[in-house]
Amino acid sequence: MTNSFSAKLLRWFDQHGRHDLPWQHQASPYKTWLSEVMLQQTQVSTVIPYFLRFIERFPTLKQLADADIDEVMHLWTGLGYYSRARNLHRCAQEIRDHYNGELPQQLEQLQALPGIGPSTAAAIASIAFNQSTAILDGNVKRVLTRFHAIEGWPGKREVEKQLWQLAQEHMPKKRCGDYTQAIMDLGATLCTRSKAQCQACPMKADCQALALERVQDFPYSKPKQNKPVKEAQLLIIRRQSGEIALQLRPPTGIWGGLWSLPELKLDESPEDFVQSHFGEVLAQQKRDKFKHVFSHYSLLIHPVEIQLGREHGKIMEQGQLLWYNPHFPQEVGLAAPVKSLLHL
Ligand code: SF4
């Protein structure tokens with residue numbers, strides 16, 4: 001069954017796979033790596049415009065490595081999971097400094113680079129260097145759990161181990177890059193999360209979930225746990241000229257390395273904060289609160305508008321504060337809810 005799996009998949013891919021994605025044009029290891037990082041937990045249609053902007057601005061890995069991190073974050077704004085952008089930049093610098101600007105070909109070397117996990121490393125090794133290294137991203141997990149009717153949540157260690165083993169067993173020794181692309185395409189176009197198109201699927205004759213009429217049962221979902229809700233105030237401090245104070249977030253944690261509005265706990269006084277850091281408060285007004293959902297918790301945001309009067313000049317640490325002009329926005333990376341608050 002192993003050989004027939006890859007043979008059938010490749011036959012289908014030749015006819016129905018996606019052969020016209022922007023990173024497939026004049027493909028290079030750099031484009032493969034960039035697209036694979038962007039595609040982590042993100043759909044192709046979302047990634048395409050970001051990929052095109054990145055490649056236009058940074059046609060080579062060296063240009064990306066030499067760029068200012070603020071510019072990289074700015075181009076990434078809206079794509080989410082911002083640690084990917086910081087790691088992408090660090091990774092480009094490591095490749096420039098230790099591998100002469102060329103992506104290494106060995107799986108272990110790829111995996112040791114920032115932001116490249118086992119599945120991304122395998123995708124780069126197979127697509128860019130035609131090595132027989134299996135991937136296990138969300139699409140592949142869905143195809144394999146259905147094809148083999150694997151019980152249990154794929155995030156569980158033993159289920160994941162079994163899936164890696166099956167993924168490697170199905171991986172052919174030839175046309176490795178095409179196979180990787182093919183199994184991702186199958187998961188993205190036919191074996192989709194809802195409404196799988198089994199009748200058009202090249203695997204239907206041997207698919208166990210289909211035979212059991214249990215396609216929608218796989219993959220098992222994560223056991224439910226209630227997400228905690230945290231609350232915070234975000235201050236929109238506007239000076240007389242209309243500019244708004246932005247603060248640089250620490251490199252780790254939520255919105256790490258992005259510019260955000262000053263954040264206070266619910267029991268802290270916006271007025272005291274503004275008076276000690278900026279100057280006189282002319283007026284303050286609460287705006288409607290709203291929820292922003294992260295993977296591990298939700299944040300209930302309470303925005304507070306502050307009109308600043310005379311400033312005393314005792315500002316925050318140098319490089320940590322930026323006066324943002326919403327009419328002529330600077331090119332800086334902004335957290336998504338902050339971006340919408342600034343432009344209301
Ligand atoms: S037959 Fe259906 S469930 Fe099975 S692999 Fe194909 S699309 Fe997925």
# chains A, B, ... in the order shown; residues from 1 in each chain; ligands from 1

$ residues_near_ligand --ligand "ligand 1" --cutoff "12 Å" --atoms "only C-alpha atoms and all ligand atoms" --output "short mmCIF file (atom, residue, chain, number, x, y, z; two decimals) with all heavy atoms, in the first residue's frame"
data_model
loop_
_atom_site.label_atom_id
_atom_site.label_comp_id
_atom_site.auth_asym_id
_atom_site.auth_seq_id
_atom_site.Cartn_x
_atom_site.Cartn_y
_atom_site.Cartn_z
N PHE A 5 0.38 4.41 -2.42
CA PHE A 5 -0.06 5.69 -1.84
C PHE A 5 0.64 6.84 -2.56
O PHE A 5 0.01 7.75 -3.10
CB PHE A 5 0.27 5.72 -0.34
CG PHE A 5 -0.25 6.93 0.40
CD1 PHE A 5 -1.45 6.87 1.10
CD2 PHE A 5 0.46 8.12 0.40
CE1 PHE A 5 -1.94 7.98 1.79
CE2 PHE A 5 -0.03 9.24 1.08
CZ PHE A 5 -1.23 9.17 1.77
N LYS A 8 -0.17 6.98 -6.45
CA LYS A 8 -1.50 7.54 -6.75
C LYS A 8 -1.52 9.04 -6.51
O LYS A 8 -2.10 9.80 -7.28
CB LYS A 8 -2.57 6.91 -5.85
CG LYS A 8 -3.02 5.56 -6.32
CD LYS A 8 -4.09 5.05 -5.37
CE LYS A 8 -4.45 3.63 -5.69
NZ LYS A 8 -5.24 3.00 -4.66
N LEU A 9 -0.89 9.43 -5.41
CA LEU A 9 -0.89 10.85 -5.05
C LEU A 9 -0.15 11.67 -6.10
O LEU A 9 -0.60 12.74 -6.53
CB LEU A 9 -0.24 11.01 -3.67
CG LEU A 9 -0.38 12.36 -2.99
CD1 LEU A 9 -1.84 12.75 -2.86
CD2 LEU A 9 0.25 12.30 -1.60
N TRP A 12 -2.17 12.04 -9.27
CA TRP A 12 -3.21 13.06 -9.07
C TRP A 12 -2.60 14.46 -9.11
O TRP A 12 -3.12 15.37 -9.73
CB TRP A 12 -3.90 12.81 -7.72
CG TRP A 12 -4.81 13.93 -7.31
CD1 TRP A 12 -6.09 14.15 -7.71
CD2 TRP A 12 -4.49 15.01 -6.42
NE1 TRP A 12 -6.59 15.29 -7.13
CE2 TRP A 12 -5.63 15.84 -6.33
CE3 TRP A 12 -3.35 15.36 -5.68
CZ2 TRP A 12 -5.67 16.99 -5.54
CZ3 TRP A 12 -3.38 16.50 -4.90
CH2 TRP A 12 -4.54 17.30 -4.84
N ASN A 139 -2.26 19.79 7.34
CA ASN A 139 -2.88 19.11 6.20
C ASN A 139 -2.54 17.62 6.18
O ASN A 139 -3.39 16.77 5.94
CB ASN A 139 -2.40 19.73 4.87
CG ASN A 139 -3.09 21.06 4.60
OD1 ASN A 139 -4.28 21.20 4.85
ND2 ASN A 139 -2.34 22.03 4.11
N VAL A 140 -1.27 17.33 6.40
CA VAL A 140 -0.83 15.94 6.34
C VAL A 140 -1.43 15.14 7.49
O VAL A 140 -1.85 13.99 7.32
CB VAL A 140 0.72 15.87 6.34
CG1 VAL A 140 1.20 14.43 6.31
CG2 VAL A 140 1.28 16.66 5.17
N LYS A 141 -1.50 15.76 8.64
CA LYS A 141 -2.11 15.06 9.79
C LYS A 141 -3.56 14.70 9.45
O LYS A 141 -4.03 13.61 9.77
CB LYS A 141 -2.11 15.96 11.03
CG LYS A 141 -0.77 16.02 11.71
CD LYS A 141 -0.83 16.93 12.92
CE LYS A 141 0.57 17.09 13.49
NZ LYS A 141 0.67 18.19 14.43
N ARG A 142 -4.26 15.62 8.81
CA ARG A 142 -5.67 15.35 8.47
C ARG A 142 -5.77 14.19 7.48
O ARG A 142 -6.56 13.26 7.66
CB ARG A 142 -6.32 16.61 7.91
CG ARG A 142 -7.82 16.53 7.84
CD ARG A 142 -8.45 17.90 7.68
NE ARG A 142 -7.93 18.64 6.56
CZ ARG A 142 -7.13 19.69 6.63
NH1 ARG A 142 -6.73 20.14 7.80
NH2 ARG A 142 -6.71 20.30 5.54
N VAL A 143 -4.95 14.22 6.43
CA VAL A 143 -5.00 13.15 5.42
C VAL A 143 -4.67 11.81 6.07
O VAL A 143 -5.38 10.81 5.89
CB VAL A 143 -4.01 13.45 4.26
CG1 VAL A 143 -3.89 12.25 3.34
CG2 VAL A 143 -4.45 14.69 3.48
N LEU A 144 -3.59 11.78 6.86
CA LEU A 144 -3.15 10.48 7.42
C LEU A 144 -4.09 9.95 8.49
O LEU A 144 -4.34 8.74 8.54
CB LEU A 144 -1.72 10.60 7.97
CG LEU A 144 -0.62 10.86 6.93
CD1 LEU A 144 0.74 10.90 7.60
CD2 LEU A 144 -0.63 9.81 5.82
N THR A 145 -4.61 10.84 9.33
CA THR A 145 -5.53 10.33 10.37
C THR A 145 -6.78 9.76 9.71
O THR A 145 -7.35 8.78 10.20
CB THR A 145 -5.94 11.41 11.39
OG1 THR A 145 -6.43 12.55 10.70
CG2 THR A 145 -4.82 11.78 12.32
N ARG A 146 -7.19 10.36 8.60
CA ARG A 146 -8.39 9.84 7.91
C ARG A 146 -8.05 8.57 7.14
O ARG A 146 -8.76 7.57 7.25
CB ARG A 146 -8.96 10.90 6.97
CG ARG A 146 -9.64 12.02 7.72
CD ARG A 146 -10.11 13.12 6.81
NE ARG A 146 -10.84 14.14 7.56
CZ ARG A 146 -11.25 15.29 7.05
NH1 ARG A 146 -10.99 15.60 5.80
NH2 ARG A 146 -11.92 16.16 7.78
N PHE A 147 -6.98 8.63 6.38
CA PHE A 147 -6.64 7.48 5.54
C PHE A 147 -6.45 6.22 6.40
O PHE A 147 -6.87 5.13 6.02
CB PHE A 147 -5.36 7.79 4.74
CG PHE A 147 -5.00 6.73 3.75
CD1 PHE A 147 -5.65 6.64 2.53
CD2 PHE A 147 -4.00 5.81 4.04
CE1 PHE A 147 -5.32 5.66 1.61
CE2 PHE A 147 -3.67 4.82 3.13
CZ PHE A 147 -4.33 4.75 1.91
N HIS A 148 -5.83 6.39 7.57
CA HIS A 148 -5.58 5.22 8.44
C HIS A 148 -6.57 5.13 9.60
O HIS A 148 -6.40 4.27 10.47
CB HIS A 148 -4.16 5.31 9.02
CG HIS A 148 -3.08 5.16 7.99
ND1 HIS A 148 -2.71 3.96 7.45
CD2 HIS A 148 -2.31 6.09 7.39
CE1 HIS A 148 -1.74 4.14 6.57
NE2 HIS A 148 -1.48 5.43 6.50
N ALA A 149 -7.56 6.01 9.64
CA ALA A 149 -8.53 6.06 10.76
C ALA A 149 -7.81 6.01 12.11
O ALA A 149 -8.03 5.13 12.94
CB ALA A 149 -9.55 4.93 10.64
N ILE A 150 -6.94 6.97 12.33
CA ILE A 150 -6.16 7.02 13.58
C ILE A 150 -6.99 7.66 14.68
O ILE A 150 -7.38 8.82 14.58
CB ILE A 150 -4.87 7.85 13.39
CG1 ILE A 150 -4.04 7.34 12.22
CG2 ILE A 150 -4.07 7.93 14.68
CD1 ILE A 150 -3.26 6.11 12.50
N ILE A 183 0.92 16.09 -1.12
CA ILE A 183 0.14 15.72 0.07
C ILE A 183 -0.40 16.99 0.74
O ILE A 183 -1.51 17.00 1.28
CB ILE A 183 0.93 14.79 1.02
CG1 ILE A 183 -0.02 14.16 2.04
CG2 ILE A 183 2.10 15.46 1.69
CD1 ILE A 183 0.48 12.91 2.70
N MET A 184 0.35 18.09 0.65
CA MET A 184 -0.18 19.35 1.20
C MET A 184 -1.38 19.79 0.36
O MET A 184 -2.39 20.26 0.89
CB MET A 184 0.90 20.45 1.17
CG MET A 184 2.00 20.23 2.19
SD MET A 184 3.05 21.68 2.45
CE MET A 184 3.91 21.85 0.91
N ASP A 185 -1.25 19.65 -0.96
CA ASP A 185 -2.35 20.07 -1.85
C ASP A 185 -3.60 19.23 -1.62
O ASP A 185 -4.73 19.74 -1.62
CB ASP A 185 -1.94 19.95 -3.33
CG ASP A 185 -0.99 21.06 -3.74
OD1 ASP A 185 -0.62 21.86 -2.88
OD2 ASP A 185 -0.63 21.11 -4.93
N LEU A 186 -3.41 17.93 -1.43
CA LEU A 186 -4.57 17.06 -1.20
C LEU A 186 -5.32 17.52 0.06
O LEU A 186 -6.55 17.64 0.06
CB LEU A 186 -4.13 15.60 -1.04
CG LEU A 186 -5.29 14.62 -0.92
CD1 LEU A 186 -5.91 14.34 -2.29
CD2 LEU A 186 -4.86 13.29 -0.30
N GLY A 187 -4.55 17.79 1.11
CA GLY A 187 -5.17 18.23 2.37
C GLY A 187 -5.84 19.59 2.23
O GLY A 187 -6.85 19.86 2.87
N ALA A 188 -5.26 20.45 1.41
CA ALA A 188 -5.79 21.81 1.30
C ALA A 188 -6.97 21.90 0.33
O ALA A 188 -7.81 22.79 0.46
CB ALA A 188 -4.69 22.76 0.84
N THR A 189 -7.04 20.97 -0.65
CA THR A 189 -8.08 21.14 -1.67
C THR A 189 -9.19 20.08 -1.62
O THR A 189 -10.34 20.38 -1.90
CB THR A 189 -7.47 21.14 -3.10
OG1 THR A 189 -6.83 19.89 -3.32
CG2 THR A 189 -6.47 22.28 -3.29
N LEU A 190 -8.87 18.82 -1.30
CA LEU A 190 -9.91 17.77 -1.28
C LEU A 190 -10.19 17.27 0.14
O LEU A 190 -11.34 17.20 0.57
CB LEU A 190 -9.50 16.57 -2.14
CG LEU A 190 -9.37 16.80 -3.65
CD1 LEU A 190 -9.05 15.49 -4.35
CD2 LEU A 190 -10.64 17.40 -4.24
N CYS A 191 -9.13 16.93 0.85
CA CYS A 191 -9.32 16.36 2.19
C CYS A 191 -9.38 17.52 3.19
O CYS A 191 -8.58 17.64 4.10
CB CYS A 191 -8.17 15.40 2.52
SG CYS A 191 -8.57 14.32 3.89
N THR A 192 -10.36 18.36 2.98
CA THR A 192 -10.46 19.59 3.77
C THR A 192 -11.14 19.32 5.11
O THR A 192 -11.82 18.31 5.27
CB THR A 192 -11.25 20.65 2.99
OG1 THR A 192 -12.43 20.03 2.50
CG2 THR A 192 -10.46 21.21 1.84
N ARG A 193 -10.99 20.27 6.01
CA ARG A 193 -11.54 20.10 7.36
C ARG A 193 -13.04 19.78 7.32
O ARG A 193 -13.48 18.82 7.90
CB ARG A 193 -11.33 21.41 8.12
CG ARG A 193 -11.23 21.24 9.60
CD ARG A 193 -10.83 22.56 10.19
NE ARG A 193 -9.60 23.04 9.54
CZ ARG A 193 -8.54 23.43 10.19
NH1 ARG A 193 -8.53 23.41 11.49
NH2 ARG A 193 -7.46 23.87 9.56
N SER A 194 -13.81 20.60 6.60
CA SER A 194 -15.23 20.26 6.47
C SER A 194 -15.51 19.98 4.99
O SER A 194 -14.78 20.46 4.12
CB SER A 194 -16.10 21.41 6.97
OG SER A 194 -15.81 22.56 6.23
N LYS A 195 -16.52 19.20 4.73
CA LYS A 195 -16.92 18.84 3.36
C LYS A 195 -15.76 18.30 2.51
O LYS A 195 -15.44 18.85 1.46
CB LYS A 195 -17.53 20.05 2.64
CG LYS A 195 -18.77 20.60 3.32
CD LYS A 195 -19.59 21.43 2.35
CE LYS A 195 -20.73 22.10 3.04
NZ LYS A 195 -20.70 23.52 3.13
N ALA A 196 -15.13 17.25 3.00
CA ALA A 196 -14.08 16.61 2.20
C ALA A 196 -14.68 16.08 0.90
O ALA A 196 -15.80 15.56 0.91
CB ALA A 196 -13.47 15.47 3.00
N GLN A 197 -13.94 16.23 -0.20
CA GLN A 197 -14.49 15.78 -1.49
C GLN A 197 -13.95 14.39 -1.82
O GLN A 197 -13.10 14.22 -2.71
CB GLN A 197 -14.11 16.77 -2.58
CG GLN A 197 -14.75 18.13 -2.35
CD GLN A 197 -14.29 19.12 -3.37
OE1 GLN A 197 -14.39 18.89 -4.57
NE2 GLN A 197 -13.75 20.23 -2.90
N CYS A 198 -14.44 13.42 -1.09
CA CYS A 198 -13.89 12.06 -1.20
C CYS A 198 -14.10 11.45 -2.58
O CYS A 198 -13.27 10.67 -3.05
CB CYS A 198 -14.51 11.18 -0.13
SG CYS A 198 -14.17 11.79 1.53
N GLN A 199 -15.18 11.82 -3.25
CA GLN A 199 -15.43 11.19 -4.55
C GLN A 199 -14.37 11.57 -5.59
O GLN A 199 -14.11 10.83 -6.52
CB GLN A 199 -16.84 11.53 -5.07
CG GLN A 199 -17.95 10.80 -4.30
CD GLN A 199 -17.56 9.35 -3.95
OE1 GLN A 199 -17.14 8.59 -4.83
NE2 GLN A 199 -17.67 8.98 -2.68
N ALA A 200 -13.74 12.71 -5.40
CA ALA A 200 -12.69 13.14 -6.34
C ALA A 200 -11.30 12.75 -5.86
O ALA A 200 -10.31 13.05 -6.52
CB ALA A 200 -12.76 14.65 -6.50
N CYS A 201 -11.22 12.06 -4.72
CA CYS A 201 -9.91 11.83 -4.09
C CYS A 201 -9.21 10.59 -4.67
O CYS A 201 -9.83 9.52 -4.79
CB CYS A 201 -10.12 11.64 -2.58
SG CYS A 201 -8.59 11.29 -1.72
N PRO A 202 -7.93 10.70 -4.97
CA PRO A 202 -7.21 9.54 -5.52
C PRO A 202 -7.02 8.42 -4.49
O PRO A 202 -6.65 7.31 -4.84
CB PRO A 202 -5.86 10.14 -5.93
CG PRO A 202 -5.70 11.35 -5.06
CD PRO A 202 -7.07 11.89 -4.84
N MET A 203 -7.28 8.71 -3.21
CA MET A 203 -7.04 7.74 -2.13
C MET A 203 -8.31 7.00 -1.71
O MET A 203 -8.27 6.20 -0.78
CB MET A 203 -6.48 8.46 -0.89
CG MET A 203 -5.22 9.19 -1.14
SD MET A 203 -4.03 8.01 -1.77
CE MET A 203 -2.82 9.12 -2.40
N LYS A 204 -9.40 7.30 -2.36
CA LYS A 204 -10.69 6.84 -1.82
C LYS A 204 -10.81 5.31 -1.70
O LYS A 204 -11.44 4.82 -0.78
CB LYS A 204 -11.86 7.42 -2.61
CG LYS A 204 -11.95 6.96 -4.03
CD LYS A 204 -13.12 7.63 -4.72
CE LYS A 204 -13.14 7.21 -6.18
NZ LYS A 204 -14.08 7.97 -6.97
N ALA A 205 -10.17 4.58 -2.61
CA ALA A 205 -10.34 3.12 -2.58
C ALA A 205 -9.78 2.50 -1.29
O ALA A 205 -10.28 1.49 -0.82
CB ALA A 205 -9.65 2.50 -3.79
N ASP A 206 -8.74 3.12 -0.72
CA ASP A 206 -8.11 2.53 0.47
C ASP A 206 -8.30 3.35 1.73
O ASP A 206 -7.68 3.06 2.76
CB ASP A 206 -6.60 2.37 0.23
CG ASP A 206 -6.30 1.47 -0.94
OD1 ASP A 206 -6.88 0.38 -0.99
OD2 ASP A 206 -5.52 1.88 -1.82
N CYS A 207 -9.12 4.39 1.65
CA CYS A 207 -9.24 5.28 2.81
C CYS A 207 -10.15 4.65 3.87
O CYS A 207 -11.33 4.38 3.63
CB CYS A 207 -9.80 6.63 2.36
SG CYS A 207 -10.08 7.73 3.75
N GLN A 208 -9.60 4.46 5.06
CA GLN A 208 -10.35 3.76 6.11
C GLN A 208 -11.47 4.61 6.69
O GLN A 208 -12.53 4.10 7.02
CB GLN A 208 -9.40 3.31 7.20
CG GLN A 208 -8.40 2.28 6.67
CD GLN A 208 -7.57 1.68 7.78
OE1 GLN A 208 -8.04 1.52 8.90
NE2 GLN A 208 -6.33 1.35 7.47
N ALA A 209 -11.23 5.89 6.84
CA ALA A 209 -12.29 6.75 7.39
C ALA A 209 -13.49 6.75 6.44
O ALA A 209 -14.64 6.71 6.89
CB ALA A 209 -11.77 8.16 7.59
N LEU A 210 -13.21 6.77 5.15
CA LEU A 210 -14.31 6.77 4.18
C LEU A 210 -15.06 5.44 4.24
O LEU A 210 -16.30 5.40 4.27
CB LEU A 210 -13.76 7.01 2.76
CG LEU A 210 -14.81 7.09 1.66
CD1 LEU A 210 -15.74 8.28 1.87
CD2 LEU A 210 -14.15 7.21 0.28
N ALA A 211 -14.30 4.34 4.32
CA ALA A 211 -14.93 3.02 4.39
C ALA A 211 -15.82 2.91 5.63
O ALA A 211 -16.89 2.29 5.60
CB ALA A 211 -13.87 1.93 4.40
N LEU A 212 -15.39 3.52 6.70
CA LEU A 212 -16.17 3.46 7.96
C LEU A 212 -17.27 4.52 8.02
O LEU A 212 -17.99 4.61 9.01
CB LEU A 212 -15.23 3.70 9.16
CG LEU A 212 -14.15 2.65 9.42
CD1 LEU A 212 -13.10 3.18 10.39
CD2 LEU A 212 -14.79 1.37 9.98
N GLU A 213 -17.31 5.38 6.98
CA GLU A 213 -18.23 6.53 6.95
C GLU A 213 -18.03 7.41 8.18
O GLU A 213 -18.97 7.85 8.84
CB GLU A 213 -19.69 6.07 6.84
CG GLU A 213 -19.95 5.34 5.54
CD GLU A 213 -21.42 4.95 5.39
OE1 GLU A 213 -22.27 5.51 6.09
OE2 GLU A 213 -21.69 4.09 4.55
N ARG A 214 -16.75 7.64 8.50
CA ARG A 214 -16.44 8.46 9.69
C ARG A 214 -15.44 9.57 9.36
O ARG A 214 -14.63 9.95 10.22
CB ARG A 214 -15.86 7.55 10.78
CG ARG A 214 -16.87 6.61 11.43
CD ARG A 214 -16.21 5.83 12.55
NE ARG A 214 -15.59 6.70 13.51
CZ ARG A 214 -14.58 6.32 14.32
NH1 ARG A 214 -14.11 5.11 14.27
NH2 ARG A 214 -14.06 7.19 15.18
N VAL A 215 -15.48 10.06 8.12
CA VAL A 215 -14.49 11.06 7.70
C VAL A 215 -14.44 12.24 8.66
O VAL A 215 -13.37 12.69 9.08
CB VAL A 215 -14.79 11.54 6.25
CG1 VAL A 215 -13.92 12.74 5.88
CG2 VAL A 215 -14.56 10.40 5.28
N GLN A 216 -15.60 12.73 9.07
CA GLN A 216 -15.63 13.94 9.92
C GLN A 216 -15.13 13.68 11.35
O GLN A 216 -14.89 14.63 12.08
CB GLN A 216 -17.04 14.55 9.95
CG GLN A 216 -17.35 15.41 8.75
CD GLN A 216 -16.22 16.37 8.34
OE1 GLN A 216 -15.64 17.06 9.16
NE2 GLN A 216 -15.89 16.40 7.06
N ASP A 217 -14.99 12.40 11.72
CA ASP A 217 -14.48 12.12 13.07
C ASP A 217 -12.97 12.37 13.18
O ASP A 217 -12.43 12.44 14.28
CB ASP A 217 -14.73 10.65 13.45
CG ASP A 217 -16.20 10.38 13.67
OD1 ASP A 217 -16.98 11.35 13.66
OD2 ASP A 217 -16.57 9.20 13.84
N PHE A 218 -12.29 12.44 12.03
CA PHE A 218 -10.82 12.55 12.04
C PHE A 218 -10.38 13.88 11.45
O PHE A 218 -11.01 14.34 10.52
CB PHE A 218 -10.20 11.39 11.25
CG PHE A 218 -10.59 10.04 11.76
CD1 PHE A 218 -11.61 9.33 11.15
CD2 PHE A 218 -9.95 9.49 12.85
CE1 PHE A 218 -12.00 8.09 11.62
CE2 PHE A 218 -10.33 8.24 13.33
CZ PHE A 218 -11.36 7.54 12.71
N PRO A 219 -9.30 14.45 11.93
CA PRO A 219 -8.57 14.07 13.14
C PRO A 219 -9.36 14.46 14.39
O PRO A 219 -10.15 15.39 14.36
CB PRO A 219 -7.29 14.93 13.05
CG PRO A 219 -7.66 16.09 12.18
CD PRO A 219 -8.74 15.63 11.26
#

$ select_by_dssp --residues "segment 216-329 of chain A" --states "strand (DSSP E or B)" --output "VMD selection string"
chain A and resid 229 to 238 244 to 248 259 to 260 263 to 264 279 to 286 290 to 293 298 to 311 321 to 324

$ closest_residue --among "A:His25, A:Lys156, A:Arg18, A:Arg310" --to "Pro223 of chain A" --atoms "only C-alpha atoms"
A:Lys156

$ select_by_dssp --residues "segment 18-229 of chain A" --states "alpha helix (DSSP H)" --output "JSON, numbers by chain"
{"A": [29, 30, 31, 32, 33, 34, 35, 36, 37, 38, 39, 44, 45, 46, 47, 48, 49, 50, 51, 52, 53, 54, 55, 56, 57, 61, 62, 63, 64, 65, 66, 69, 70, 71, 72, 73, 74, 75, 76, 83, 84, 85, 86, 87, 88, 89, 90, 91, 92, 93, 94, 95, 96, 97, 98, 107, 108, 109, 110, 111, 118, 119, 120, 121, 122, 123, 124, 125, 126, 127, 128, 129, 138, 139, 140, 141, 142, 143, 144, 145, 146, 147, 157, 158, 159, 160, 161, 162, 163, 164, 165, 166, 167, 168, 169, 170, 176, 177, 178, 179, 180, 181, 182, 183, 184, 185, 186, 187, 188, 189, 208, 209, 210, 211]}

$ residues_around --residues "Leu308 of chain A" --least-positions-apart "5" --cutoff "7 Å" --atoms "only C-alpha atoms" --output "ChimeraX atom specification"
/A:237-240,279-282

$ write_last_selection --atoms "C-alpha atoms" --output "tab-separated table (two decimals), in the first residue's frame"
chain	number	residue	atom	x	y	z
A	237	ILE	CA	-2.69	59.16	24.50
A	238	ARG	CA	-3.11	61.92	21.95
A	239	ARG	CA	-0.96	65.04	22.07
A	240	GLN	CA	-2.19	68.43	20.86
A	279	GLY	CA	2.20	65.55	31.35
A	280	GLU	CA	-1.16	67.16	31.98
A	281	VAL	CA	-4.42	65.30	31.21
A	282	LEU	CA	-6.98	67.58	29.54

$ closest_residue --among "A:Gln181, A:Ser35, A:Asn100, A:Gln40" --to "Pro118 of chain A" --atoms "only C-alpha atoms"
A:Gln40

$ atom_distance --atom1 "atom CA of Met73 of chain A" --atom2 "atom CA of Asn87 of chain A"
10.8 Å

$ residues_around --residues "Ile236 of chain A" --least-positions-apart "3" --cutoff "6 Å" --atoms "only C-alpha atoms" --output "PDB file with all heavy atoms, in the first residue's frame"
ATOM      1  N   VAL A 304      -8.898  53.493  26.483  1.00  0.00           N
ATOM      2  CA  VAL A 304      -9.166  54.788  27.139  1.00  0.00           C
ATOM      3  C   VAL A 304      -8.487  55.880  26.312  1.00  0.00           C
ATOM      4  O   VAL A 304      -7.282  55.813  26.053  1.00  0.00           O
ATOM      5  CB  VAL A 304      -8.596  54.823  28.582  1.00  0.00           C
ATOM      6  CG1 VAL A 304      -8.987  56.137  29.274  1.00  0.00           C
ATOM      7  CG2 VAL A 304      -9.097  53.635  29.385  1.00  0.00           C
ATOM      8  N   GLU A 305      -9.288  56.860  25.880  1.00  0.00           N
ATOM      9  CA  GLU A 305      -8.772  58.012  25.113  1.00  0.00           C
ATOM     10  C   GLU A 305      -8.304  59.071  26.091  1.00  0.00           C
ATOM     11  O   GLU A 305      -9.057  59.443  27.002  1.00  0.00           O
ATOM     12  CB  GLU A 305      -9.911  58.642  24.300  1.00  0.00           C
ATOM     13  CG  GLU A 305     -10.243  57.962  23.023  1.00  0.00           C
ATOM     14  CD  GLU A 305      -9.490  58.534  21.828  1.00  0.00           C
ATOM     15  OE1 GLU A 305      -8.624  59.427  22.007  1.00  0.00           O
ATOM     16  OE2 GLU A 305      -9.774  58.064  20.721  1.00  0.00           O
ATOM     17  N   ILE A 306      -7.102  59.572  25.901  1.00  0.00           N
ATOM     18  CA  ILE A 306      -6.596  60.631  26.772  1.00  0.00           C
ATOM     19  C   ILE A 306      -6.158  61.801  25.892  1.00  0.00           C
ATOM     20  O   ILE A 306      -5.365  61.601  24.953  1.00  0.00           O
ATOM     21  CB  ILE A 306      -5.352  60.158  27.560  1.00  0.00           C
ATOM     22  CG1 ILE A 306      -5.615  58.832  28.264  1.00  0.00           C
ATOM     23  CG2 ILE A 306      -4.831  61.267  28.465  1.00  0.00           C
ATOM     24  CD1 ILE A 306      -6.035  58.917  29.678  1.00  0.00           C
TER      25      ILE A 306
END

$ closest_residue --among "A:Phe278, A:Tyr50, A:Tyr297, A:Tyr324" --to "Pro22 of chain A" --atoms "only C-alpha atoms"
A:Tyr50

$ closest_atom_pairs --of "segment 22-128 of chain A" --to "segment 158-171 of chain A" --cutoff "12 Å" --atoms "only C-alpha atoms" --output "CSV"
residue,atom,partner,partner_atom,distance
A:Pro118,CA,A:Trp164,CA,10.3
A:Ser119,CA,A:Trp164,CA,9.6
A:Ala122,CA,A:Gln168,CA,10.5
A:Ala123,CA,A:Met171,CA,11.8
A:Ser126,CA,A:Met171,CA,9.9

$ write_last_selection --atoms "N, CA, C and O atoms" --output "compact mmCIF listing (two decimals), in the first residue's frame"
# COMPACT_ATOMS: atom_id res chain seq x y z
N PRO A 118 10.63 20.62 13.02
CA PRO A 118 10.87 19.39 12.25
C PRO A 118 10.10 19.35 10.93
O PRO A 118 10.65 18.92 9.90
N SER A 119 8.83 19.79 10.91
CA SER A 119 8.06 19.67 9.67
C SER A 119 8.53 20.68 8.63
O SER A 119 8.66 20.36 7.44
N ALA A 122 11.76 19.52 7.15
CA ALA A 122 11.55 18.43 6.19
C ALA A 122 10.95 18.96 4.88
O ALA A 122 11.29 18.49 3.80
N ALA A 123 10.08 19.96 4.99
CA ALA A 123 9.49 20.53 3.77
C ALA A 123 10.58 21.20 2.93
O ALA A 123 10.64 21.02 1.71
N SER A 126 12.90 18.50 1.39
CA SER A 126 12.31 17.73 0.29
C SER A 126 12.03 18.62 -0.92
O SER A 126 12.36 18.25 -2.05

$ residues_around --residues "Lys31 of chain A" --least-positions-apart "3" --cutoff "12 Å" --atoms "only C-alpha atoms" --output "MDAnalysis selection string"
chainID A and resid 21:28 34:39 48 51:52 54:56 58:61 64 102:103 124 127:128

$ atom_distance --atom1 "atom CA of Thr180 of chain A" --atom2 "atom CA of Gln105 of chain A"
16.2 Å

$ atom_distance --atom1 "atom CA of Ser6 of chain A" --atom2 "atom CA of Val44 of chain A"
22.8 Å
